[in-house]
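Asks: One file: query_16.tsv (TSV, C-alpha atoms).
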chain	number	residue	atom	x	y	z
A	1	MET	CA	0.00	0.00	0.00
A	2	GLU	CA	1.28	3.35	-0.99
A	3	ILE	CA	-0.32	6.70	-0.53
A	4	SER	CA	0.76	9.72	-2.48
A	5	LEU	CA	-0.63	13.22	-2.30
A	6	ALA	CA	0.16	13.82	-5.92
A	7	PRO	CA	-1.66	11.91	-8.64
A	8	GLU	CA	0.36	9.18	-10.29
A	9	THR	CA	1.44	9.56	-13.88
A	10	ILE	CA	0.48	6.63	-16.05
A	11	ALA	CA	1.73	7.87	-19.42
A	12	TYR	CA	3.25	10.84	-21.19
A	13	LEU	CA	1.82	12.57	-24.24
A	14	GLY	CA	4.86	14.43	-25.45
A	15	SER	CA	5.85	16.36	-22.39
A	16	PHE	CA	2.29	16.38	-21.06
A	17	PRO	CA	1.94	13.98	-18.15
A	18	ILE	CA	-1.31	12.02	-18.23
A	19	THR	CA	-2.08	11.24	-14.63
A	20	ASN	CA	-4.66	8.75	-13.50
A	21	THR	CA	-6.82	11.64	-12.25
A	22	PHE	CA	-6.59	13.44	-15.57
A	23	PHE	CA	-7.55	10.22	-17.31
A	24	ILE	CA	-10.64	10.00	-15.10
A	25	THR	CA	-11.42	13.67	-15.72
A	26	ILE	CA	-11.45	13.05	-19.45
A	27	ILE	CA	-13.68	10.01	-19.05
A	28	ILE	CA	-16.18	11.89	-16.86
A	29	SER	CA	-16.18	14.84	-19.24
A	30	LEU	CA	-16.79	12.61	-22.25
A	31	LEU	CA	-19.58	10.92	-20.35
A	32	ILE	CA	-21.21	14.26	-19.58
A	33	ILE	CA	-20.77	15.59	-23.11
A	34	ILE	CA	-22.13	12.46	-24.80
A	35	THR	CA	-25.09	12.37	-22.42
A	36	SER	CA	-25.77	16.02	-23.14
A	37	PHE	CA	-25.80	15.39	-26.88
A	38	LEU	CA	-28.08	12.40	-26.55
A	39	LEU	CA	-30.37	14.22	-24.16
A	40	GLN	CA	-30.55	17.40	-26.19
A	41	ARG	CA	-32.19	15.58	-29.08
A	42	LYS	CA	-34.79	14.02	-26.82
A	43	ILE	CA	-35.81	17.03	-24.75
A	44	ASN	CA	-39.56	17.19	-24.90
A	45	LEU	CA	-42.35	19.13	-23.24
A	46	ILE	CA	-43.62	15.81	-21.94
A	47	PRO	CA	-40.68	14.44	-19.98
A	48	LYS	CA	-39.64	10.83	-20.25
A	49	GLY	CA	-37.14	8.64	-18.44
A	50	PHE	CA	-33.79	10.30	-17.97
A	51	GLN	CA	-35.16	13.75	-18.66
A	52	ASN	CA	-37.39	13.31	-15.61
A	53	ILE	CA	-34.45	12.56	-13.33
A	54	LEU	CA	-32.40	15.42	-14.68
A	55	GLU	CA	-35.35	17.81	-14.48
A	56	TRP	CA	-35.91	16.80	-10.90
A	57	ILE	CA	-32.27	17.47	-10.00
A	58	LEU	CA	-32.08	20.75	-11.88
A	59	GLU	CA	-35.41	21.99	-10.53
A	60	ASN	CA	-34.33	21.35	-6.96
A	61	LEU	CA	-31.05	23.11	-7.68
A	62	LEU	CA	-32.97	25.97	-9.25
A	63	GLU	CA	-35.12	26.36	-6.16
A	64	LEU	CA	-32.04	26.27	-3.95
A	65	ILE	CA	-30.41	29.01	-6.02
A	66	ASP	CA	-33.64	31.00	-5.99
A	67	GLY	CA	-33.57	30.80	-2.21
A	68	VAL	CA	-30.15	32.43	-2.17
A	69	THR	CA	-30.55	35.04	-4.91
A	70	LYS	CA	-34.26	35.85	-4.40
A	71	ASN	CA	-34.15	36.99	-8.00
A	72	ARG	CA	-35.15	34.84	-10.97
A	73	GLU	CA	-32.99	36.69	-13.46
A	74	GLN	CA	-29.90	36.33	-11.34
A	75	THR	CA	-30.75	32.67	-10.79
A	76	ARG	CA	-30.73	32.05	-14.52
A	77	LYS	CA	-27.35	33.79	-14.73
A	78	PHE	CA	-25.72	31.83	-11.91
A	79	PHE	CA	-27.44	28.54	-12.63
A	80	PRO	CA	-25.09	27.15	-15.34
A	81	VAL	CA	-21.95	27.57	-13.23
A	82	VAL	CA	-23.48	26.20	-10.06
A	83	ALA	CA	-25.11	23.25	-11.80
A	84	THR	CA	-22.00	22.37	-13.77
A	85	ILE	CA	-19.87	22.45	-10.63
A	86	PHE	CA	-22.37	20.26	-8.84
A	87	ILE	CA	-22.65	17.69	-11.63
A	88	PHE	CA	-18.94	17.54	-12.37
A	89	VAL	CA	-17.86	17.41	-8.74
A	90	ILE	CA	-20.41	14.84	-7.64
A	91	LEU	CA	-19.46	12.51	-10.50
A	92	SER	CA	-15.77	13.03	-9.70
A	93	ASN	CA	-16.39	12.29	-6.05
A	94	TRP	CA	-18.37	9.16	-6.71
A	95	ILE	CA	-15.62	7.73	-8.88
A	96	GLU	CA	-13.93	6.59	-5.67
A	97	ILE	CA	-16.81	4.17	-5.11
A	98	VAL	CA	-16.03	2.37	-8.38
A	99	PRO	CA	-14.47	-1.01	-7.71
A	100	GLY	CA	-10.84	-1.21	-8.68
A	101	LEU	CA	-9.93	2.00	-6.91
A	102	GLY	CA	-6.26	1.86	-6.07
A	103	THR	CA	-6.01	-1.81	-6.92
A	104	ILE	CA	-6.02	-2.10	-10.69
A	105	GLY	CA	-3.05	-0.46	-12.29
A	106	LEU	CA	0.47	-0.60	-13.60
A	107	LYS	CA	3.09	-2.47	-11.67
A	108	HIS	CA	6.08	-0.42	-10.77
A	109	PHE	CA	9.15	-0.66	-8.62
A	110	GLN	CA	10.33	2.08	-6.38
A	111	GLU	CA	13.28	1.84	-4.08
A	112	GLY	CA	13.27	-1.92	-4.46
A	113	LYS	CA	9.61	-2.29	-3.40
A	114	GLU	CA	6.84	-3.45	-5.66
A	115	GLY	CA	3.85	-1.14	-5.99
A	116	ILE	CA	0.89	-0.31	-8.17
A	117	ILE	CA	0.04	2.84	-10.05
A	118	PRO	CA	-3.75	2.68	-10.01
A	119	PHE	CA	-5.77	3.63	-13.08
A	120	ILE	CA	-8.73	4.85	-11.11
A	121	ARG	CA	-8.32	7.73	-8.76
A	122	SER	CA	-11.00	10.29	-8.13
A	123	ASN	CA	-10.08	13.53	-9.81
A	124	SER	CA	-11.36	15.38	-6.76
A	125	ALA	CA	-8.38	13.83	-4.99
A	126	ASP	CA	-6.12	15.82	-7.26
A	127	LEU	CA	-5.25	19.39	-6.32
A	128	ASN	CA	-4.95	20.31	-10.01
A	129	MET	CA	-8.67	19.74	-10.50
A	130	THR	CA	-9.88	21.35	-7.28
A	131	LEU	CA	-7.54	24.30	-7.76
A	132	ALA	CA	-8.71	24.68	-11.34
A	133	LEU	CA	-12.34	24.81	-10.22
A	134	SER	CA	-11.66	27.29	-7.44
A	135	LEU	CA	-9.63	29.52	-9.75
A	136	VAL	CA	-12.47	29.52	-12.27
A	137	VAL	CA	-15.00	30.33	-9.57
A	138	VAL	CA	-12.99	33.09	-7.90
A	139	ILE	CA	-12.10	34.75	-11.21
A	140	LEU	CA	-15.72	34.50	-12.28
A	141	VAL	CA	-16.79	36.08	-9.00
A	142	GLN	CA	-14.57	39.09	-9.75
A	143	PHE	CA	-16.14	39.45	-13.20
A	144	ILE	CA	-19.64	39.18	-11.84
A	145	GLY	CA	-18.87	41.75	-9.16
A	146	ILE	CA	-17.48	44.18	-11.71
A	147	THR	CA	-20.39	43.80	-14.13
A	148	ALA	CA	-22.92	44.14	-11.33
A	149	LEU	CA	-21.40	47.10	-9.47
A	150	GLY	CA	-19.09	48.70	-11.99
A	151	VAL	CA	-15.29	48.83	-11.82
A	152	LYS	CA	-15.11	51.78	-9.43
A	153	LYS	CA	-17.52	50.49	-6.84
A	154	TYR	CA	-16.21	46.95	-6.97
A	155	THR	CA	-12.55	47.89	-6.55
A	156	GLY	CA	-13.70	50.25	-3.83
A	157	LYS	CA	-14.45	47.18	-1.77
A	158	PHE	CA	-10.74	46.30	-1.68
A	159	LEU	CA	-8.82	49.54	-2.10
A	160	VAL	CA	-10.02	52.04	0.46
A	161	SER	CA	-8.28	55.38	0.77
A	162	PRO	CA	-6.80	55.87	4.27
A	163	LEU	CA	-7.84	59.53	4.19
A	164	LYS	CA	-11.55	58.81	4.28
A	165	LYS	CA	-13.69	57.87	7.22
A	166	PRO	CA	-13.07	55.49	9.10
A	167	TYR	CA	-9.51	56.18	7.97
A	168	PHE	CA	-7.06	53.33	8.39
A	169	VAL	CA	-9.68	50.88	9.56
A	170	GLY	CA	-11.30	50.99	6.15
A	171	THR	CA	-8.01	50.43	4.42
A	172	PHE	CA	-7.25	47.52	6.69
A	173	VAL	CA	-10.65	45.94	6.04
A	174	GLY	CA	-10.07	46.37	2.31
A	175	ALA	CA	-6.73	44.59	2.59
A	176	LEU	CA	-8.44	41.78	4.52
A	177	GLU	CA	-10.96	41.51	1.69
A	178	ILE	CA	-8.14	41.03	-0.79
A	179	ILE	CA	-6.62	38.33	1.41
A	180	SER	CA	-10.01	36.66	1.77
A	181	GLU	CA	-10.34	36.39	-1.99
A	182	PHE	CA	-7.09	34.39	-2.06
A	183	ALA	CA	-8.16	32.45	0.99
A	184	LYS	CA	-11.27	31.44	-0.94
A	185	ILE	CA	-9.12	29.77	-3.57
A	186	ILE	CA	-7.18	27.83	-0.98
A	187	SER	CA	-10.16	26.86	1.17
A	188	PHE	CA	-12.17	25.82	-1.88
A	189	SER	CA	-9.49	23.60	-3.34
A	190	PHE	CA	-8.21	22.07	-0.12
A	191	ARG	CA	-11.65	21.35	1.32
A	192	LEU	CA	-12.70	19.22	-1.62
A	193	PHE	CA	-9.27	17.69	-2.09
A	194	GLY	CA	-8.93	16.87	1.61
A	195	ASN	CA	-12.33	15.26	1.93
A	196	ILE	CA	-12.09	13.09	-1.14
A	197	PHE	CA	-8.43	12.21	-0.68
A	198	ALA	CA	-9.14	11.18	2.89
A	199	GLY	CA	-12.08	9.11	1.67
A	200	GLU	CA	-9.86	7.33	-0.82
A	201	VAL	CA	-7.24	6.62	1.79
A	202	LEU	CA	-9.92	5.39	4.17
A	203	LEU	CA	-11.40	3.06	1.58
A	204	THR	CA	-7.99	1.74	0.54
A	205	VAL	CA	-6.99	1.10	4.13
A	206	ALA	CA	-10.31	-0.55	4.97
A	207	LEU	CA	-10.02	-2.73	1.89
A	208	THR	CA	-6.49	-3.78	2.79
A	209	LEU	CA	-7.29	-4.57	6.40
A	210	VAL	CA	-10.55	-6.47	5.96
A	211	PRO	CA	-11.46	-7.04	2.32
A	212	TYR	CA	-15.04	-8.18	3.05
A	213	PHE	CA	-17.96	-6.38	4.70
A	214	LEU	CA	-15.89	-3.77	6.54
A	215	PRO	CA	-15.58	-1.40	3.53
A	216	LEU	CA	-19.33	-1.42	3.02
A	217	PRO	CA	-20.32	1.22	5.61
A	218	PHE	CA	-17.38	3.32	4.49
A	219	LEU	CA	-18.59	3.10	0.90
A	220	LEU	CA	-22.00	4.39	1.99
A	221	LEU	CA	-20.31	7.12	4.00
A	222	GLU	CA	-18.25	8.13	0.97
A	223	ILE	CA	-21.37	8.36	-1.19
A	224	PHE	CA	-22.78	10.76	1.37
A	225	VAL	CA	-19.55	12.75	1.69
A	226	GLY	CA	-19.25	12.96	-2.08
A	227	PHE	CA	-22.76	14.42	-2.33
A	228	ILE	CA	-22.21	16.87	0.52
A	229	GLN	CA	-18.88	18.10	-0.82
A	230	ALA	CA	-20.31	18.66	-4.29
A	231	LEU	CA	-23.22	20.57	-2.77
A	232	VAL	CA	-20.93	22.61	-0.52
A	233	PHE	CA	-18.65	23.54	-3.41
A	234	ALA	CA	-21.59	24.59	-5.59
A	235	MET	CA	-23.35	26.48	-2.79
A	236	LEU	CA	-20.23	28.35	-1.71
A	237	ALA	CA	-19.60	29.36	-5.31
A	238	LEU	CA	-23.19	30.60	-5.47
A	239	VAL	CA	-22.93	32.53	-2.23
A	240	PHE	CA	-19.66	34.18	-3.29
A	241	MET	CA	-21.23	35.20	-6.60
A	242	LYS	CA	-24.25	36.61	-4.78
A	243	ILE	CA	-22.10	38.54	-2.29
A	244	ALA	CA	-20.02	40.00	-5.12
A	245	THR	CA	-23.15	41.60	-6.61
A	246	GLU	CA	-24.07	43.38	-3.39
A	247	HIS	CA	-22.89	46.60	-1.83
A	248	HIS	CA	-21.48	46.74	1.64
B	249	MET	CA	7.25	26.09	-5.88
B	250	GLU	CA	8.62	22.88	-4.51
B	251	LEU	CA	5.65	22.73	-2.15
B	252	LEU	CA	3.28	22.94	-5.10
B	253	GLY	CA	5.21	20.17	-6.83
B	254	ASN	CA	4.98	18.00	-3.74
B	255	LEU	CA	1.23	18.53	-3.67
B	256	GLY	CA	1.09	17.35	-7.25
B	257	ILE	CA	0.24	20.70	-8.72
B	258	ASN	CA	1.45	20.95	-12.29
B	259	GLY	CA	0.88	24.01	-14.46
B	260	LYS	CA	0.03	22.01	-17.58
B	261	LEU	CA	-2.44	19.80	-15.77
B	262	LEU	CA	-3.97	22.79	-14.01
B	263	LEU	CA	-4.52	24.56	-17.32
B	264	ALA	CA	-5.92	21.40	-18.87
B	265	GLN	CA	-8.37	21.06	-15.97
B	266	ILE	CA	-9.49	24.68	-16.30
B	267	ILE	CA	-10.06	24.27	-20.04
B	268	ASN	CA	-11.87	21.00	-19.43
B	269	PHE	CA	-14.22	22.65	-16.96
B	270	LEU	CA	-14.93	25.56	-19.29
B	271	ILE	CA	-15.73	23.14	-22.11
B	272	LEU	CA	-18.08	21.24	-19.83
B	273	LEU	CA	-19.73	24.48	-18.77
B	274	TRP	CA	-20.25	25.52	-22.38
B	275	VAL	CA	-21.57	22.14	-23.53
B	276	LEU	CA	-23.95	21.75	-20.59
B	277	LYS	CA	-25.21	25.29	-20.94
B	278	LYS	CA	-25.82	24.96	-24.64
B	279	PHE	CA	-27.26	21.46	-24.77
B	280	VAL	CA	-28.83	20.89	-21.39
B	281	TYR	CA	-29.56	23.92	-19.26
B	282	THR	CA	-30.98	26.30	-21.81
B	283	PRO	CA	-33.34	23.85	-23.55
B	284	LEU	CA	-34.31	22.14	-20.31
B	285	LEU	CA	-35.05	25.36	-18.46
B	286	ASN	CA	-37.02	26.60	-21.45
B	287	VAL	CA	-39.03	23.41	-21.45
B	288	LEU	CA	-39.64	23.75	-17.72
B	289	GLU	CA	-40.87	27.30	-18.17
B	290	GLN	CA	-43.03	26.35	-21.14
B	291	ARG	CA	-44.58	23.53	-19.20
B	292	GLN	CA	-45.27	25.81	-16.26
B	293	THR	CA	-47.07	28.35	-18.42
B	294	LYS	CA	-48.96	25.60	-20.20
B	295	ILE	CA	-50.16	24.01	-16.98
B	296	LYS	CA	-51.14	27.41	-15.62
B	297	LYS	CA	-53.09	28.13	-18.77
B	298	GLY	CA	-54.73	24.72	-18.68
B	299	LEU	CA	-55.88	25.25	-15.11
B	300	GLN	CA	-57.20	28.68	-15.96
B	301	ASP	CA	-59.04	27.32	-18.97
B	302	ALA	CA	-60.60	24.58	-16.88
B	303	GLU	CA	-61.79	27.12	-14.33
B	304	GLU	CA	-63.23	29.31	-17.04
B	305	ALA	CA	-64.96	26.37	-18.65
B	306	GLU	CA	-66.51	25.46	-15.31
B	307	LYS	CA	-67.79	28.99	-14.86
B	308	LYS	CA	-69.19	29.03	-18.37
B	309	LEU	CA	-70.87	25.70	-17.79
B	310	GLU	CA	-72.58	27.07	-14.71
B	311	VAL	CA	-73.81	30.08	-16.65
B	312	ILE	CA	-75.06	27.85	-19.42
B	313	LYS	CA	-76.85	25.61	-16.93
B	314	LYS	CA	-78.60	28.62	-15.43
B	315	GLU	CA	-79.52	29.84	-18.90
B	316	GLU	CA	-80.83	26.42	-19.77
B	317	LYS	CA	-83.04	26.37	-16.69
B	318	ARG	CA	-84.33	29.83	-17.48
B	319	VAL	CA	-85.10	28.95	-21.08
B	320	LEU	CA	-86.83	25.75	-20.09
B	321	LYS	CA	-88.97	27.57	-17.56
B	322	LYS	CA	-89.92	30.20	-20.10
B	323	ALA	CA	-90.72	27.58	-22.71
B	324	ARG	CA	-92.91	25.74	-20.27
B	325	GLN	CA	-94.78	28.91	-19.40
B	326	GLU	CA	-95.28	29.75	-23.04
B	327	ALA	CA	-96.49	26.27	-23.82
B	328	GLN	CA	-98.98	26.59	-20.96
B	329	LYS	CA	-100.17	29.89	-22.38
B	330	ILE	CA	-100.54	28.44	-25.84
B	331	ILE	CA	-102.52	25.49	-24.54
B	332	GLU	CA	-104.82	27.80	-22.59
B	333	LYS	CA	-105.35	29.98	-25.59
B	334	ALA	CA	-106.05	26.98	-27.78
B	335	GLU	CA	-108.53	25.67	-25.26
B	336	LYS	CA	-110.31	29.00	-25.15
B	337	GLN	CA	-110.37	29.20	-28.92
B	338	ALA	CA	-111.72	25.70	-29.18
B	339	GLN	CA	-114.41	26.49	-26.64
B	340	LYS	CA	-115.38	29.57	-28.58
B	341	ASN	CA	-115.41	27.68	-31.85
B	342	SER	CA	-117.55	24.91	-30.49
B	343	ASP	CA	-119.96	27.45	-29.01
B	344	GLU	CA	-120.26	29.19	-32.34
B	345	ILE	CA	-120.77	25.97	-34.19
B	346	LEU	CA	-123.40	24.92	-31.73
B	347	LYS	CA	-125.24	28.22	-32.05
B	348	ASP	CA	-125.07	28.02	-35.82
B	349	ALA	CA	-126.40	24.54	-35.84
B	350	GLN	CA	-129.22	25.54	-33.53
B	351	LYS	CA	-130.12	28.45	-35.78
B	352	LYS	CA	-130.08	26.27	-38.84
B	353	ALA	CA	-132.13	23.63	-37.14
B	354	GLU	CA	-134.63	26.28	-36.12
B	355	THR	CA	-134.94	27.67	-39.61
B	356	ILE	CA	-135.27	24.17	-41.00
B	357	MET	CA	-137.91	23.41	-38.44
B	358	GLN	CA	-139.78	26.60	-39.21
B	359	SER	CA	-139.75	26.04	-42.92
B	360	ALA	CA	-140.81	22.44	-42.36
B	361	GLN	CA	-143.70	23.61	-40.18
B	362	LYS	CA	-144.77	26.12	-42.79
B	363	GLU	CA	-144.59	23.42	-45.40
B	364	ILE	CA	-146.60	21.11	-43.24
B	365	VAL	CA	-149.27	23.75	-42.67
B	366	LYS	CA	-149.42	24.48	-46.35
B	367	GLU	CA	-149.61	20.80	-47.18
B	368	LYS	CA	-152.30	20.31	-44.59
B	369	LYS	CA	-154.37	23.11	-46.04
B	370	LYS	CA	-153.93	21.72	-49.49
B	371	ILE	CA	-154.78	18.22	-48.41
B	372	LEU	CA	-157.77	19.48	-46.47
B	373	GLN	CA	-159.01	21.37	-49.48
B	374	GLU	CA	-158.52	18.37	-51.67
B	375	ALA	CA	-160.20	16.19	-49.14
B	376	LYS	CA	-163.11	18.66	-48.90
B	377	SER	CA	-163.63	18.61	-52.62
B	378	GLU	CA	-163.30	14.85	-52.68
B	379	ILE	CA	-165.74	14.55	-49.83
B	380	ALA	CA	-168.10	16.90	-51.64
B	381	ASN	CA	-167.86	14.69	-54.68
B	382	LEU	CA	-168.41	11.57	-52.63
B	383	VAL	CA	-171.30	13.11	-50.77
B	384	PHE	CA	-172.73	14.27	-54.04
B	385	LEU	CA	-172.45	10.79	-55.54
B	386	ALA	CA	-173.83	9.20	-52.42
B	387	THR	CA	-176.67	11.66	-52.23
B	388	GLU	CA	-177.35	11.13	-55.89
B	389	LYS	CA	-177.49	7.39	-55.31
B	390	VAL	CA	-179.63	7.79	-52.27
B	391	VAL	CA	-182.01	10.20	-53.86
B	392	ASN	CA	-181.81	8.20	-57.02
B	393	GLU	CA	-182.80	11.11	-58.87
B	394	LYS	CA	-180.46	13.19	-60.81
B	395	MET	CA	-180.70	16.89	-60.15
B	396	LYS	CA	-179.06	19.50	-62.13
B	397	ALA	CA	-175.43	18.81	-61.57
B	398	LYS	CA	-174.28	22.30	-60.96
B	399	THR	CA	-176.84	23.38	-58.45
B	400	ASP	CA	-176.48	20.13	-56.52
B	401	LYS	CA	-172.84	20.38	-56.22
B	402	ASN	CA	-173.09	24.02	-55.16
B	403	LEU	CA	-175.68	23.09	-52.61
B	404	ILE	CA	-173.55	20.37	-51.07
B	405	GLU	CA	-170.48	22.50	-50.97
B	406	LYS	CA	-172.51	25.15	-49.13
B	407	ILE	CA	-173.69	22.64	-46.65
B	408	ILE	CA	-170.14	21.40	-45.98
B	409	LYS	CA	-168.84	24.89	-45.60
B	410	GLU	CA	-171.62	25.80	-43.22
B	411	LYS	CA	-170.83	22.81	-41.09
Go through the file and emit its structure as structure tokens.

Replies:
Amino acid sequence: MEISLAPETIAYLGSFPITNTFFITIIISLLIIITSFLLQRKINLIPKGFQNILEWILENLLELIDGVTKNREQTRKFFPVVATIFIFVILSNWIEIVPGLGTIGLKHFQEGKEGIIPFIRSNSADLNMTLALSLVVVILVQFIGITALGVKKYTGKFLVSPLKKPYFVGTFVGALEIISEFAKIISFSFRLFGNIFAGEVLLTVALTLVPYFLPLPFLLLEIFVGFIQALVFAMLALVFMKIATEHH
Amino acid sequence: MELLGNLGINGKLLLAQIINFLILLWVLKKFVYTPLLNVLEQRQTKIKKGLQDAEEAEKKLEVIKKEEKRVLKKARQEAQKIIEKAEKQAQKNSDEILKDAQKKAETIMQSAQKEIVKEKKKILQEAKSEIANLVFLATEKVVNEKMKAKTDKNLIEKIIKEK
């Protein structure tokens, strides 16, 4: 058993390292894209089968977003980002439930010991993916804030002149705001990464210690954690977007 | 930078993940969210309209039912009126016919009576002359003696008339 924070590289495409997590990312993305294409042709006023399930999920999400924004127009604006984060993250998280996690892979030798480079590793357990998502969200939040409030008002949140009331306090708070924007990136990416990585380690350990029955409750727990983390990521993104559109 | 490397963060992979997410966002928005949300909205408006229509139809039905009752009532009243009128008319007609018939019968009766009286007179006259003849013949036989015909006859007729 071998646990590595960084995803393992399984092949190189030129100088581009294809890690097991990137491989899974591509598979999930293809799955989503193909499903979208198939679904798009079948979307009907009278829902059927898969459209029903998706409508149910999206409608609940829509209501949730409505509850935060209290504004239908804003909901329609934020909805694509929030929904995409939710769908992508929950699928990524649930990959760790797939049998073969950490056990099927390439044999390799390191420092004289035999090990395995697994093919399947949840891409949420890869900081590249979580960091990518948080960067997208935080940058998007800045854009939304600027379009909603205008450049002057939005930057006024962060850069406060020390000559105005309440003088240096305002400036200090502005500086804290800037730091908090960066903290968002870190908290976003490490929260998801930490939860899912820990889940993977837990499952691998449980599987190694007692291969039968014992992993079962942990699998159920990981399904729950995967759902919660996806929801948390999407909701936090939503809340940050909403806050960016409001004055102080 | 070494810390980032230890955590497995790699610039190329990071960029690839960002691009991947943006592609996903675009695809889902174009092929799933927009059409699906449109469909949801369409359905909502359709259902709302359907419910409204149903309510309206119910209201209309009630109005029509009331109208129906009213019309039926009116029709019944009119029919009653017509029947009454017809009855009256029939009564009048029958009265007239009866009166007419009575009148006719009376006239017929009167003319018949007149005729009868006339006939009676005529018959009586004829009978008188016949009787006069018979009496004359009988008298002639009895007397057995022929008088002058004219005076005899006149005599007998006088006697009958005097009687």

Asks: Restrict the calculation to only C-alpha atoms, then for each residue of chain B with any atom at most 8 Å from an atom of chain A give the closest atom pair and their distance in Å to one decimal, rows by chain and rising residue number, as a Markdown table.

Replies:
| residue | atom | partner | partner_atom | distance |
| --- | --- | --- | --- | --- |
| B:Asn254 | CA | A:Ala6 | CA | 6.7 |
| B:Leu255 | CA | A:Ala6 | CA | 5.3 |
| B:Gly256 | CA | A:Ala6 | CA | 3.9 |
| B:Ile257 | CA | A:Asn128 | CA | 5.4 |
| B:Asn258 | CA | A:Asn128 | CA | 6.8 |
| B:Lys260 | CA | A:Phe16 | CA | 7.0 |
| B:Leu261 | CA | A:Asn128 | CA | 6.3 |
| B:Leu262 | CA | A:Asn128 | CA | 4.8 |
| B:Leu263 | CA | A:Ala132 | CA | 7.3 |
| B:Gln265 | CA | A:Met129 | CA | 5.6 |
| B:Ile266 | CA | A:Ala132 | CA | 5.0 |
| B:Asn268 | CA | A:Ser29 | CA | 7.5 |
| B:Phe269 | CA | A:Leu133 | CA | 7.3 |
| B:Leu272 | CA | A:Ser29 | CA | 6.7 |
| B:Leu273 | CA | A:Thr84 | CA | 5.9 |
| B:Val275 | CA | A:Ile33 | CA | 6.6 |
| B:Leu276 | CA | A:Ser36 | CA | 6.5 |
| B:Lys277 | CA | A:Pro80 | CA | 5.9 |
| B:Phe279 | CA | A:Gln40 | CA | 5.4 |
| B:Val280 | CA | A:Ser36 | CA | 6.0 |
| B:Tyr281 | CA | A:Pro80 | CA | 6.8 |
| B:Pro283 | CA | A:Ile43 | CA | 7.4 |
| B:Leu284 | CA | A:Ile43 | CA | 6.9 |
| B:Val287 | CA | A:Leu45 | CA | 5.7 |
| B:Leu288 | CA | A:Leu45 | CA | 7.7 |
| B:Gln290 | CA | A:Leu45 | CA | 7.5 |
| B:Arg291 | CA | A:Leu45 | CA | 6.4 |

Asks: Which distance in Å separates atom CA of A:Gly199 and atom CA of A:Val232, to one decimal?

Replies: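 According to the coordinates, atom CA of A:Gly199 and atom CA of A:Val232 are separated by 16.3 Å.
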
Asks: Would you work out the distance separating atom CA of B:Ile407 from atom CA of B:Ile379, expressed in Å to one decimal?

Replies: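 Computing the Euclidean distance for atom CA of B:Ile407 and atom CA of B:Ile379 yields 11.8 Å.
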
Asks: What is the distance between atom CA of B:Val383 and atom CA of B:Glu410, in Å to one decimal?

Replies: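 Taking atom CA of B:Val383 and atom CA of B:Glu410, their separation equals 14.8 Å.
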
Asks: As a VMD selection string, please: the residues near B:Phe384 (cut-off 8 Å, only C-alpha atoms, same-chain neighbours under 5 positions excluded).

Replies: chain B and resid 400 to 401 404

Asks: Show which residues sit within 9 Å of A:Phe78, as an MDAnalysis selection string. Count all atoms listed in the file, and ignore same-chain residues fewer than 5 positions away.

Replies: chainID A and resid 65 73 83 238 241:242

Asks: Would you kindly return, as a list of chain:residue names, each protein, DNA or RNA residue with an atom no farther than 12 Å from any atom of A:Leu216, considering all atoms listed in the file and excluding same-chain residues fewer than 6 positions away?

Replies: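 Here the qualifying residues turn out to be A:Ile97, A:Pro99, A:Leu202, A:Leu203, A:Ala206, A:Leu207, A:Val210, A:Glu222, A:Ile223.
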
Asks: Could you please take those selected residues and save C-alpha atoms as a PDB file, in the coordinates of the input?

Replies:
ATOM      1  CA  ILE A  97     -16.810   4.170  -5.110  1.00  0.00           C
ATOM      2  CA  PRO A  99     -14.470  -1.010  -7.710  1.00  0.00           C
ATOM      3  CA  LEU A 202      -9.920   5.390   4.170  1.00  0.00           C
ATOM      4  CA  LEU A 203     -11.400   3.060   1.580  1.00  0.00           C
ATOM      5  CA  ALA A 206     -10.310  -0.550   4.970  1.00  0.00           C
ATOM      6  CA  LEU A 207     -10.020  -2.730   1.890  1.00  0.00           C
ATOM      7  CA  VAL A 210     -10.550  -6.470   5.960  1.00  0.00           C
ATOM      8  CA  GLU A 222     -18.250   8.130   0.970  1.00  0.00           C
ATOM      9  CA  ILE A 223     -21.370   8.360  -1.190  1.00  0.00           C
TER      10      ILE A 223
END

Asks: Find the residues with any atom within 12 Å of (-7.7, 31.7, -1.5); use only C-alpha atoms and the coordinates as given in the file, and write the answer as a VMD selection string.

Replies: chain A and resid 131 134 to 139 176 to 191

Asks: Using only C-alpha atoms for the distances, tell me which of B:Arg318, B:Lys376, B:Lys362, B:Lys297 is nearest to B:Ile408.

Replies: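 Of all the options, B:Lys376 lies closest to B:Ile408.
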